[in-house]
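Q: Dropping the structure in here first, questions after.
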Amino acid sequence: MLDLYMPGTSLIDQKKHLAGQEATFLPASSDHGRRLAQRWRKFLPEAAHISSPRTPWSAAKARIPAWHRCHETMREDAETYAPASNSTYRIALIGDSIMESWRGTAFCNRMRRCVGLPALLRDSLGSRWPHPLVLAIASDQTQHLLWRLQNGEISESMRRDPRLVAVLLIGTNNLGRGFTADETTSGVLEVVRLLSRMTQATIVLHALLPRADSARSRKAKRARVRAHGDGDSDKHDQDSFMPAVRHVNAQLYNATVWSLLLQERRLYFADCGHLFVAKAEAVDAQLMPDRLHPNVAGFSLWARCLEREIDNAILGRQGRN
(Lines give C-alpha, C1' and ligand atoms only; values in the text may rest on other atoms or scores of the structure.)
Protein backbone atom coordinates (compact mmCIF):
# COMPACT_ATOMS: atom_id res chain seq x y z
CA MET A 1 0.00 0.00 0.00
CA LEU A 2 1.24 3.49 -0.79
CA ASP A 3 2.54 5.48 2.17
CA LEU A 4 1.02 8.96 1.90
CA TYR A 5 0.93 12.00 4.12
CA MET A 6 -2.69 12.87 4.93
CA PRO A 7 -3.73 16.19 6.54
CA GLY A 8 -6.26 16.16 9.37
CA THR A 9 -9.95 16.84 8.90
CA SER A 10 -12.55 18.73 10.86
CA LEU A 11 -15.98 17.80 9.49
CA ILE A 12 -15.61 14.32 10.94
CA ASP A 13 -15.12 15.85 14.39
CA GLN A 14 -18.43 17.63 13.96
CA LYS A 15 -20.00 14.37 12.83
CA LYS A 16 -18.80 12.65 16.00
CA HIS A 17 -20.13 15.55 18.06
CA LEU A 18 -23.55 15.30 16.43
CA ALA A 19 -23.56 11.54 16.88
CA GLY A 20 -22.88 12.12 20.57
CA GLN A 21 -25.78 14.54 20.74
CA GLU A 22 -27.97 11.93 19.07
CA ALA A 23 -27.05 9.39 21.73
CA THR A 24 -28.09 11.76 24.53
CA PHE A 25 -31.67 12.32 23.46
CA LEU A 26 -32.71 9.31 21.36
CA PRO A 27 -33.96 6.27 23.31
CA ALA A 28 -32.21 3.65 21.19
CA SER A 29 -33.95 0.81 23.00
CA SER A 30 -37.34 1.73 21.53
CA ASP A 31 -38.50 1.18 17.95
CA HIS A 32 -39.45 4.84 17.75
CA GLY A 33 -35.99 5.82 18.95
CA ARG A 34 -34.31 3.64 16.35
CA ARG A 35 -36.43 5.17 13.59
CA LEU A 36 -35.57 8.66 14.80
CA ALA A 37 -31.88 7.73 14.98
CA GLN A 38 -31.95 6.43 11.42
CA ARG A 39 -33.61 9.64 10.21
CA TRP A 40 -31.14 11.81 12.15
CA ARG A 41 -28.10 10.04 10.72
CA LYS A 42 -29.22 10.90 7.19
CA PHE A 43 -28.46 14.53 7.88
CA LEU A 44 -25.14 14.09 9.64
CA PRO A 45 -22.33 15.66 7.62
CA GLU A 46 -20.42 13.30 5.37
CA ALA A 47 -16.65 13.24 5.81
CA ALA A 48 -14.40 13.53 2.77
CA HIS A 49 -12.19 10.58 3.75
CA ILE A 50 -14.90 8.20 4.99
CA SER A 51 -16.82 6.08 2.48
CA SER A 52 -20.45 7.14 2.04
CA PRO A 53 -23.14 6.79 -0.61
CA ARG A 54 -25.13 9.86 -1.52
CA THR A 55 -27.34 10.97 1.37
CA PRO A 56 -29.75 13.90 1.80
CA TRP A 57 -26.74 15.84 3.08
CA SER A 58 -25.10 15.74 -0.35
CA ALA A 59 -27.98 15.22 -2.80
CA ALA A 60 -31.64 16.00 -3.24
CA LYS A 61 -33.67 13.05 -2.01
CA ALA A 62 -35.20 12.50 -5.45
CA ARG A 63 -31.76 12.10 -7.03
CA ILE A 64 -30.46 9.41 -4.69
CA PRO A 65 -32.18 6.45 -6.44
CA ALA A 66 -30.87 7.75 -9.79
CA TRP A 67 -27.36 7.90 -8.32
CA HIS A 68 -27.59 4.26 -7.24
CA ARG A 69 -28.81 3.28 -10.72
CA CYS A 70 -25.88 5.13 -12.26
CA HIS A 71 -23.50 3.36 -9.86
CA GLU A 72 -25.00 0.05 -10.96
CA THR A 73 -24.20 0.96 -14.58
CA MET A 74 -20.59 1.66 -13.57
CA ARG A 75 -20.41 -1.59 -11.64
CA GLU A 76 -21.64 -3.54 -14.67
CA ASP A 77 -19.07 -1.83 -16.89
CA ALA A 78 -16.33 -2.72 -14.41
CA GLU A 79 -17.45 -6.36 -14.51
CA THR A 80 -16.89 -6.43 -18.28
CA TYR A 81 -13.26 -5.34 -17.86
CA ALA A 82 -10.68 -7.71 -19.30
CA PRO A 83 -6.91 -7.17 -19.44
CA ALA A 84 -5.47 -6.40 -22.85
CA SER A 85 -4.66 -9.55 -24.78
CA ASN A 86 -1.17 -8.36 -25.72
CA SER A 87 1.49 -6.49 -23.76
CA THR A 88 -0.29 -3.14 -23.89
CA TYR A 89 -1.96 -1.32 -21.02
CA ARG A 90 -5.59 -0.46 -20.33
CA ILE A 91 -6.76 2.77 -18.77
CA ALA A 92 -9.61 3.61 -16.41
CA LEU A 93 -10.74 7.23 -16.06
CA ILE A 94 -12.15 7.60 -12.56
CA GLY A 95 -13.86 10.57 -10.95
CA ASP A 96 -16.81 12.95 -11.19
CA SER A 97 -18.65 14.93 -13.89
CA ILE A 98 -15.49 15.99 -15.71
CA MET A 99 -14.49 12.37 -16.19
CA GLU A 100 -18.08 11.26 -16.82
CA SER A 101 -18.23 13.70 -19.72
CA TRP A 102 -16.06 11.23 -21.65
CA ARG A 103 -19.10 8.91 -21.61
CA GLY A 104 -21.25 11.65 -23.16
CA THR A 105 -23.38 11.79 -20.03
CA ALA A 106 -23.95 13.48 -16.70
CA PHE A 107 -25.56 11.35 -14.00
CA CYS A 108 -25.82 8.67 -16.72
CA ASN A 109 -28.10 10.89 -18.83
CA ARG A 110 -27.06 12.17 -22.25
CA MET A 111 -25.90 15.78 -22.09
CA ARG A 112 -25.72 18.29 -24.93
CA ARG A 113 -22.39 19.70 -23.71
CA CYS A 114 -20.90 16.17 -23.95
CA VAL A 115 -21.86 15.50 -27.57
CA GLY A 116 -18.84 14.18 -29.47
CA LEU A 117 -16.76 13.31 -26.42
CA PRO A 118 -17.12 9.49 -26.58
CA ALA A 119 -15.87 9.58 -30.18
CA LEU A 120 -13.04 11.91 -29.18
CA LEU A 121 -12.04 9.51 -26.41
CA ARG A 122 -12.07 6.58 -28.82
CA ASP A 123 -9.96 8.43 -31.39
CA SER A 124 -7.47 9.93 -28.92
CA LEU A 125 -6.65 7.95 -25.79
CA GLY A 126 -8.55 4.95 -27.10
CA SER A 127 -6.29 4.75 -30.14
CA ARG A 128 -3.33 4.17 -27.80
CA TRP A 129 -5.06 2.13 -25.12
CA PRO A 130 -8.18 0.50 -26.60
CA HIS A 131 -11.49 0.35 -24.75
CA PRO A 132 -10.84 2.98 -22.05
CA LEU A 133 -13.10 2.41 -19.07
CA VAL A 134 -14.85 5.46 -17.61
CA LEU A 135 -16.06 5.11 -14.01
CA ALA A 136 -17.43 8.50 -13.03
CA ILE A 137 -20.64 10.10 -11.77
CA ALA A 138 -21.44 13.79 -11.92
CA SER A 139 -21.29 15.81 -8.69
CA ASP A 140 -19.57 13.02 -6.78
CA GLN A 141 -17.23 13.87 -3.95
CA THR A 142 -14.35 11.80 -2.60
CA GLN A 143 -16.48 9.95 -0.03
CA HIS A 144 -18.92 8.88 -2.74
CA LEU A 145 -16.15 7.57 -4.97
CA LEU A 146 -14.74 5.62 -2.02
CA TRP A 147 -18.13 3.96 -1.55
CA ARG A 148 -18.49 3.20 -5.26
CA LEU A 149 -15.06 1.57 -5.48
CA GLN A 150 -15.75 -0.49 -2.37
CA ASN A 151 -19.10 -1.60 -3.79
CA GLY A 152 -18.27 -3.13 -7.12
CA GLU A 153 -16.63 -0.54 -9.38
CA ILE A 154 -13.32 -2.37 -9.02
CA SER A 155 -13.87 -5.83 -10.47
CA GLU A 156 -11.75 -8.89 -9.80
CA SER A 157 -10.17 -8.60 -13.25
CA MET A 158 -9.20 -5.02 -12.50
CA ARG A 159 -7.72 -6.02 -9.16
CA ARG A 160 -5.43 -8.59 -10.76
CA ASP A 161 -4.27 -6.59 -13.80
CA PRO A 162 -0.78 -5.08 -13.30
CA ARG A 163 -1.16 -3.26 -16.64
CA LEU A 164 -4.12 -1.20 -15.53
CA VAL A 165 -3.53 2.56 -15.39
CA ALA A 166 -6.06 4.35 -13.19
CA VAL A 167 -6.35 8.06 -13.98
CA LEU A 168 -8.00 9.77 -11.01
CA LEU A 169 -9.61 13.22 -10.96
CA ILE A 170 -11.80 13.89 -7.93
CA GLY A 171 -12.23 16.55 -5.26
CA THR A 172 -13.55 19.70 -6.89
CA ASN A 173 -17.08 18.94 -5.69
CA ASN A 174 -15.80 18.67 -2.12
CA LEU A 175 -14.66 22.27 -2.37
CA GLY A 176 -17.99 23.16 -3.93
CA ARG A 177 -19.85 21.55 -1.02
CA GLY A 178 -17.89 23.52 1.58
CA PHE A 179 -15.03 21.22 2.54
CA THR A 180 -11.73 22.95 3.26
CA ALA A 181 -8.68 22.36 1.11
CA ASP A 182 -7.15 20.09 3.78
CA GLU A 183 -10.33 18.03 4.09
CA THR A 184 -10.52 17.70 0.33
CA THR A 185 -6.89 16.59 0.13
CA SER A 186 -7.51 13.96 2.81
CA GLY A 187 -10.41 12.59 0.80
CA VAL A 188 -8.44 12.43 -2.44
CA LEU A 189 -5.52 10.68 -0.77
CA GLU A 190 -7.86 8.17 0.84
CA VAL A 191 -9.09 7.27 -2.65
CA VAL A 192 -5.46 6.80 -3.71
CA ARG A 193 -4.85 4.57 -0.69
CA LEU A 194 -7.91 2.49 -1.55
CA LEU A 195 -6.87 2.06 -5.18
CA SER A 196 -3.38 1.04 -4.07
CA ARG A 197 -4.81 -1.58 -1.70
CA MET A 198 -7.42 -2.97 -4.07
CA THR A 199 -5.41 -3.07 -7.31
CA GLN A 200 -1.95 -3.44 -8.79
CA ALA A 201 -2.60 -0.43 -11.00
CA THR A 202 -0.34 2.43 -11.87
CA ILE A 203 -2.16 5.47 -10.48
CA VAL A 204 -2.08 8.81 -12.29
CA LEU A 205 -3.35 11.36 -9.78
CA HIS A 206 -4.58 14.38 -11.71
CA ALA A 207 -4.56 17.86 -10.19
CA LEU A 208 -7.90 19.59 -9.74
CA LEU A 209 -8.72 21.60 -12.83
CA PRO A 210 -9.14 25.37 -12.47
CA ARG A 211 -12.65 26.66 -11.88
CA ALA A 212 -14.15 30.14 -11.76
CA ASP A 213 -17.82 29.60 -10.99
CA SER A 214 -17.98 32.35 -8.36
CA ALA A 215 -21.66 31.82 -7.50
CA ARG A 216 -20.87 28.26 -6.40
CA SER A 217 -17.89 29.61 -4.46
CA ARG A 218 -20.11 31.93 -2.44
CA LYS A 219 -22.47 29.00 -1.75
CA ALA A 220 -19.49 26.92 -0.61
CA LYS A 221 -18.44 29.73 1.71
CA ARG A 222 -21.85 29.64 3.41
CA ALA A 223 -21.52 25.85 3.79
CA ARG A 224 -18.09 26.26 5.40
CA VAL A 225 -19.43 28.84 7.82
CA ARG A 226 -22.22 26.45 8.86
CA ALA A 227 -19.77 23.55 9.23
CA HIS A 228 -17.03 25.37 11.11
CA GLY A 229 -18.90 28.08 12.96
CA ASP A 230 -17.03 31.07 11.53
CA GLY A 231 -15.99 32.68 8.29
CA ASP A 232 -12.30 31.85 8.67
CA SER A 233 -12.49 28.08 8.38
CA ASP A 234 -9.56 28.15 5.98
CA LYS A 235 -7.08 30.73 4.78
CA HIS A 236 -8.38 31.13 1.27
CA ASP A 237 -10.31 33.89 -0.46
CA GLN A 238 -13.85 32.58 -0.24
CA ASP A 239 -15.01 34.43 -3.38
CA SER A 240 -12.85 32.22 -5.59
CA PHE A 241 -12.11 28.51 -5.70
CA MET A 242 -8.67 29.03 -7.20
CA PRO A 243 -6.67 29.54 -3.97
CA ALA A 244 -8.17 26.34 -2.56
CA VAL A 245 -7.56 24.50 -5.84
CA ARG A 246 -3.89 25.54 -5.78
CA HIS A 247 -3.59 24.51 -2.12
CA VAL A 248 -5.06 21.06 -2.78
CA ASN A 249 -2.87 20.54 -5.83
CA ALA A 250 0.28 21.48 -3.93
CA GLN A 251 -0.53 18.91 -1.23
CA LEU A 252 -1.32 16.22 -3.80
CA TYR A 253 1.97 16.91 -5.55
CA ASN A 254 3.85 16.67 -2.25
CA ALA A 255 2.17 13.35 -1.46
CA THR A 256 3.21 12.01 -4.86
CA VAL A 257 6.82 13.12 -4.35
CA TRP A 258 6.80 11.47 -0.92
CA SER A 259 5.61 8.22 -2.49
CA LEU A 260 8.32 8.34 -5.17
CA LEU A 261 10.98 9.09 -2.55
CA LEU A 262 9.97 5.81 -0.92
CA GLN A 263 10.62 4.17 -4.31
CA GLU A 264 7.01 3.15 -4.75
CA ARG A 265 6.69 3.51 -8.51
CA ARG A 266 2.92 3.33 -8.61
CA LEU A 267 1.74 6.90 -8.04
CA TYR A 268 2.34 9.73 -10.49
CA PHE A 269 1.09 13.30 -10.46
CA ALA A 270 -0.38 14.91 -13.58
CA ASP A 271 -1.39 18.53 -14.00
CA CYS A 272 -2.93 19.66 -17.27
CA GLY A 273 -4.74 22.56 -15.64
CA HIS A 274 -2.55 25.17 -17.35
CA LEU A 275 -4.40 24.42 -20.58
CA PHE A 276 -7.54 26.06 -19.20
CA VAL A 277 -5.99 29.21 -17.74
CA ALA A 278 -5.88 32.45 -19.70
CA LYS A 279 -4.19 35.70 -18.69
CA ALA A 280 -4.03 36.74 -15.04
CA GLU A 281 -4.91 33.18 -13.94
CA ALA A 282 -8.46 33.55 -15.26
CA VAL A 283 -10.21 30.44 -16.53
CA ASP A 284 -10.33 30.43 -20.33
CA ALA A 285 -14.02 30.72 -21.18
CA GLN A 286 -13.27 29.58 -24.74
CA LEU A 287 -12.35 26.15 -23.35
CA MET A 288 -14.51 26.12 -20.19
CA PRO A 289 -17.73 27.98 -21.02
CA ASP A 290 -19.30 27.27 -17.61
CA ARG A 291 -15.93 27.89 -15.87
CA LEU A 292 -15.98 24.31 -14.57
CA HIS A 293 -16.32 21.75 -17.40
CA PRO A 294 -14.17 21.78 -20.55
CA ASN A 295 -15.96 21.85 -23.89
CA VAL A 296 -15.02 19.60 -26.82
CA ALA A 297 -12.07 21.84 -27.75
CA GLY A 298 -10.88 21.75 -24.14
CA PHE A 299 -11.22 17.97 -23.95
CA SER A 300 -9.24 17.63 -27.17
CA LEU A 301 -6.33 19.57 -25.66
CA TRP A 302 -6.67 17.66 -22.41
CA ALA A 303 -6.55 14.30 -24.20
CA ARG A 304 -3.16 15.15 -25.72
CA CYS A 305 -1.82 16.21 -22.34
CA LEU A 306 -3.23 13.08 -20.67
CA GLU A 307 -1.57 10.90 -23.29
CA ARG A 308 1.84 12.34 -22.38
CA GLU A 309 1.18 11.97 -18.66
CA ILE A 310 0.03 8.36 -18.99
CA ASP A 311 3.09 7.55 -21.10
CA ASN A 312 5.34 9.08 -18.43
CA ALA A 313 3.64 7.06 -15.69
CA ILE A 314 4.01 3.80 -17.62
CA LEU A 315 7.69 4.49 -18.30
CA GLY A 316 8.18 5.37 -14.64
CA ARG A 317 6.53 2.16 -13.50
CA GLN A 318 8.87 0.27 -15.80
CA GLY A 319 11.84 2.11 -14.29
CA ARG A 320 12.68 3.82 -17.56
CA ASN A 321 12.54 7.47 -16.47
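By order in the C-alpha coordinates, chains are A, B, ...; within a chain, residues start at 1; ligands start at 1, following the order shown.
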Would you list, as a list of chain:residue names, the residues of region 104-306 of chain A that end up in strand (DSSP E) under DSSP run on this structure's backbone?
A: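 The strand (DSSP E) subset of region 104-306 of chain A is A:Thr105, A:Ala106, A:Asn109, A:Arg110, A:Leu133, A:Val134, A:Leu135, A:Ala136, A:Leu164, A:Val165, A:Ala166, A:Val167, A:Leu168, A:Leu169, A:Thr202, A:Ile203, A:Val204, A:Leu205, A:His206, A:Leu267, A:Tyr268, A:Phe269, A:Ala270.
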Q: For the residues in that selection, give me N, CA, C and O atoms as a PDB file, in the first residue's frame.
A:
ATOM      1  N   THR A 105     -22.258  11.707 -20.955  1.00  0.00           N
ATOM      2  CA  THR A 105     -23.380  11.789 -20.027  1.00  0.00           C
ATOM      3  C   THR A 105     -23.035  12.619 -18.800  1.00  0.00           C
ATOM      4  O   THR A 105     -21.873  12.932 -18.542  1.00  0.00           O
ATOM      5  N   ALA A 106     -24.070  12.948 -18.049  1.00  0.00           N
ATOM      6  CA  ALA A 106     -23.953  13.481 -16.698  1.00  0.00           C
ATOM      7  C   ALA A 106     -25.024  12.795 -15.874  1.00  0.00           C
ATOM      8  O   ALA A 106     -26.204  12.824 -16.243  1.00  0.00           O
ATOM      9  N   ASN A 109     -27.149  10.380 -17.852  1.00  0.00           N
ATOM     10  CA  ASN A 109     -28.101  10.892 -18.833  1.00  0.00           C
ATOM     11  C   ASN A 109     -27.339  11.667 -19.899  1.00  0.00           C
ATOM     12  O   ASN A 109     -26.413  12.426 -19.582  1.00  0.00           O
ATOM     13  N   ARG A 110     -27.730  11.477 -21.153  1.00  0.00           N
ATOM     14  CA  ARG A 110     -27.061  12.170 -22.247  1.00  0.00           C
ATOM     15  C   ARG A 110     -27.130  13.680 -22.043  1.00  0.00           C
ATOM     16  O   ARG A 110     -28.170  14.215 -21.669  1.00  0.00           O
ATOM     17  N   LEU A 133     -11.963   2.600 -19.969  1.00  0.00           N
ATOM     18  CA  LEU A 133     -13.095   2.407 -19.066  1.00  0.00           C
ATOM     19  C   LEU A 133     -13.316   3.693 -18.279  1.00  0.00           C
ATOM     20  O   LEU A 133     -12.390   4.199 -17.642  1.00  0.00           O
ATOM     21  N   VAL A 134     -14.523   4.231 -18.332  1.00  0.00           N
ATOM     22  CA  VAL A 134     -14.845   5.464 -17.609  1.00  0.00           C
ATOM     23  C   VAL A 134     -15.767   5.120 -16.448  1.00  0.00           C
ATOM     24  O   VAL A 134     -16.883   4.633 -16.649  1.00  0.00           O
ATOM     25  N   LEU A 135     -15.294   5.369 -15.234  1.00  0.00           N
ATOM     26  CA  LEU A 135     -16.062   5.112 -14.014  1.00  0.00           C
ATOM     27  C   LEU A 135     -16.210   6.442 -13.282  1.00  0.00           C
ATOM     28  O   LEU A 135     -15.350   6.834 -12.488  1.00  0.00           O
ATOM     29  N   ALA A 136     -17.281   7.147 -13.564  1.00  0.00           N
ATOM     30  CA  ALA A 136     -17.428   8.498 -13.030  1.00  0.00           C
ATOM     31  C   ALA A 136     -18.903   8.870 -12.971  1.00  0.00           C
ATOM     32  O   ALA A 136     -19.677   8.483 -13.847  1.00  0.00           O
ATOM     33  N   LEU A 164      -3.053  -2.197 -15.628  1.00  0.00           N
ATOM     34  CA  LEU A 164      -4.118  -1.200 -15.531  1.00  0.00           C
ATOM     35  C   LEU A 164      -3.512   0.138 -15.102  1.00  0.00           C
ATOM     36  O   LEU A 164      -2.704   0.198 -14.170  1.00  0.00           O
ATOM     37  N   VAL A 165      -3.896   1.204 -15.793  1.00  0.00           N
ATOM     38  CA  VAL A 165      -3.526   2.563 -15.392  1.00  0.00           C
ATOM     39  C   VAL A 165      -4.807   3.280 -14.977  1.00  0.00           C
ATOM     40  O   VAL A 165      -5.719   3.461 -15.791  1.00  0.00           O
ATOM     41  N   ALA A 166      -4.886   3.655 -13.711  1.00  0.00           N
ATOM     42  CA  ALA A 166      -6.058   4.353 -13.187  1.00  0.00           C
ATOM     43  C   ALA A 166      -5.766   5.847 -13.153  1.00  0.00           C
ATOM     44  O   ALA A 166      -4.872   6.291 -12.433  1.00  0.00           O
ATOM     45  N   VAL A 167      -6.501   6.607 -13.947  1.00  0.00           N
ATOM     46  CA  VAL A 167      -6.353   8.065 -13.978  1.00  0.00           C
ATOM     47  C   VAL A 167      -7.454   8.647 -13.099  1.00  0.00           C
ATOM     48  O   VAL A 167      -8.642   8.481 -13.388  1.00  0.00           O
ATOM     49  N   LEU A 168      -7.064   9.316 -12.039  1.00  0.00           N
ATOM     50  CA  LEU A 168      -8.003   9.766 -11.012  1.00  0.00           C
ATOM     51  C   LEU A 168      -8.107  11.283 -11.000  1.00  0.00           C
ATOM     52  O   LEU A 168      -7.100  11.984 -10.881  1.00  0.00           O
ATOM     53  N   LEU A 169      -9.331  11.784 -11.118  1.00  0.00           N
ATOM     54  CA  LEU A 169      -9.607  13.216 -10.965  1.00  0.00           C
ATOM     55  C   LEU A 169     -10.859  13.348 -10.111  1.00  0.00           C
ATOM     56  O   LEU A 169     -11.968  13.053 -10.557  1.00  0.00           O
ATOM     57  N   THR A 202      -1.079   1.176 -11.894  1.00  0.00           N
ATOM     58  CA  THR A 202      -0.337   2.432 -11.873  1.00  0.00           C
ATOM     59  C   THR A 202      -1.370   3.543 -11.731  1.00  0.00           C
ATOM     60  O   THR A 202      -2.353   3.577 -12.478  1.00  0.00           O
ATOM     61  N   ILE A 203      -1.170   4.437 -10.775  1.00  0.00           N
ATOM     62  CA  ILE A 203      -2.164   5.469 -10.482  1.00  0.00           C
ATOM     63  C   ILE A 203      -1.642   6.819 -10.952  1.00  0.00           C
ATOM     64  O   ILE A 203      -0.571   7.267 -10.533  1.00  0.00           O
ATOM     65  N   VAL A 204      -2.391   7.452 -11.842  1.00  0.00           N
ATOM     66  CA  VAL A 204      -2.083   8.810 -12.289  1.00  0.00           C
ATOM     67  C   VAL A 204      -3.050   9.741 -11.565  1.00  0.00           C
ATOM     68  O   VAL A 204      -4.246   9.773 -11.867  1.00  0.00           O
ATOM     69  N   LEU A 205      -2.538  10.454 -10.592  1.00  0.00           N
ATOM     70  CA  LEU A 205      -3.348  11.363  -9.782  1.00  0.00           C
ATOM     71  C   LEU A 205      -3.351  12.735 -10.446  1.00  0.00           C
ATOM     72  O   LEU A 205      -2.324  13.413 -10.490  1.00  0.00           O
ATOM     73  N   HIS A 206      -4.496  13.127 -10.969  1.00  0.00           N
ATOM     74  CA  HIS A 206      -4.582  14.381 -11.707  1.00  0.00           C
ATOM     75  C   HIS A 206      -4.933  15.530 -10.770  1.00  0.00           C
ATOM     76  O   HIS A 206      -5.802  15.412  -9.909  1.00  0.00           O
ATOM     77  N   LEU A 267       2.524   5.676  -8.078  1.00  0.00           N
ATOM     78  CA  LEU A 267       1.736   6.903  -8.038  1.00  0.00           C
ATOM     79  C   LEU A 267       2.463   8.017  -8.765  1.00  0.00           C
ATOM     80  O   LEU A 267       3.625   8.310  -8.470  1.00  0.00           O
ATOM     81  N   TYR A 268       1.756   8.650  -9.704  1.00  0.00           N
ATOM     82  CA  TYR A 268       2.336   9.731 -10.495  1.00  0.00           C
ATOM     83  C   TYR A 268       1.355  10.896 -10.544  1.00  0.00           C
ATOM     84  O   TYR A 268       0.142  10.698 -10.624  1.00  0.00           O
ATOM     85  N   PHE A 269       1.900  12.091 -10.481  1.00  0.00           N
ATOM     86  CA  PHE A 269       1.086  13.301 -10.465  1.00  0.00           C
ATOM     87  C   PHE A 269       1.015  13.886 -11.866  1.00  0.00           C
ATOM     88  O   PHE A 269       2.024  13.968 -12.572  1.00  0.00           O
ATOM     89  N   ALA A 270      -0.182  14.277 -12.277  1.00  0.00           N
ATOM     90  CA  ALA A 270      -0.382  14.912 -13.583  1.00  0.00           C
ATOM     91  C   ALA A 270      -1.121  16.225 -13.375  1.00  0.00           C
ATOM     92  O   ALA A 270      -2.051  16.293 -12.565  1.00  0.00           O
TER      93      ALA A 270
END
Q: Would you pick out the contacts of region 291-294 of chain A at 10 Å or less, using only C-alpha atoms, so that residues sharing its chain but fewer than 3 positions from it are not included, and give the list as number ranges by chain?
A: A: 97-99, 101, 113-114, 172, 209-214, 276, 282-288, 297-302
Q: If you count only C-alpha atoms, which residues fall within 10 Å of Pro83 (chain A), apart from same-chain ones fewer than 3 positions away, as a list in words?
A: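 Neighbouring residues, sequence-local ones excluded: Asn86, Ser87, Thr88, Tyr89, Arg90, Ile91, Ser157, Met158, Arg160, Asp161, Pro162, Arg163 and Leu164 of chain A.
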Q: Would you write out, as a tab-separated table, a table of all residues in region 34-131 of chain A that have an atom no more than 9 Å from an atom of region 303-317 of chain A, listing for each the closest atom pair and the distance in Å to one decimal, considering only C-alpha atoms and ordering rows by chain and rising residue number?
A:
residue	atom	partner	partner_atom	distance
A:Tyr89	CA	A:Ile314	CA	8.6
A:Ile91	CA	A:Ile310	CA	8.8
A:Leu120	CA	A:Ala303	CA	8.5
A:Leu121	CA	A:Ala303	CA	7.6
A:Ser124	CA	A:Ala303	CA	6.5
A:Leu125	CA	A:Glu307	CA	6.4
A:Arg128	CA	A:Glu307	CA	8.3
Q: Rounded to one decimal place, report the CA of Asp140 (chain A)-CA of Ser58 (chain A) distance in Å.
A: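 We find that CA of Asp140 (chain A) and CA of Ser58 (chain A) lie 8.9 Å from each other.
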Q: Expressed in Å to a single decimal, how great is the separation between CA of His68 (chain A) and CA of Trp102 (chain A)?
A: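 Here the two named atoms are 19.7 Å from each other.
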Q: Could you list, as a list in words, every residue within 10 Å of Leu208 (chain A), counting only C-alpha atoms and ignoring same-chain residues fewer than 5 positions away?
A: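 So the residues in contact are Leu168, Leu169, Ile170, Gly171, Thr172, Met242, Ala244, Val245, Arg246, Val248, Asn249, Leu252, Ala270, Asp271, Cys272 and Gly273 of chain A.
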Q: So the first atom is CA of Arg69 (chain A) and the second is CA of Gly178 (chain A); what is the distance between them in Å, to one decimal place?
A: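 Computing the Euclidean distance for CA of Arg69 (chain A) and CA of Gly178 (chain A) yields 26.1 Å.
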Q: Please provide the set of residues having any atom within 8 Å of Thr142 (chain A), restricted to only C-alpha atoms, with same-chain residues fewer than 6 positions apart removed, written as a list in words.
A: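 Listing them by chain and then by number gives Ala48, His49, Ile170, Gly171, Asn174, Thr184, Gly187, Val188 and Val191 of chain A.
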Q: Could you tell me which of A:Leu195, A:Leu261, A:Ile94, A:Ala60 comes closest to Gln150 (chain A) if we count only C-alpha atoms?
A: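 Between A:Leu195, A:Leu261, A:Ile94, A:Ala60, the residue approaching Gln150 (chain A) most closely is A:Leu195.
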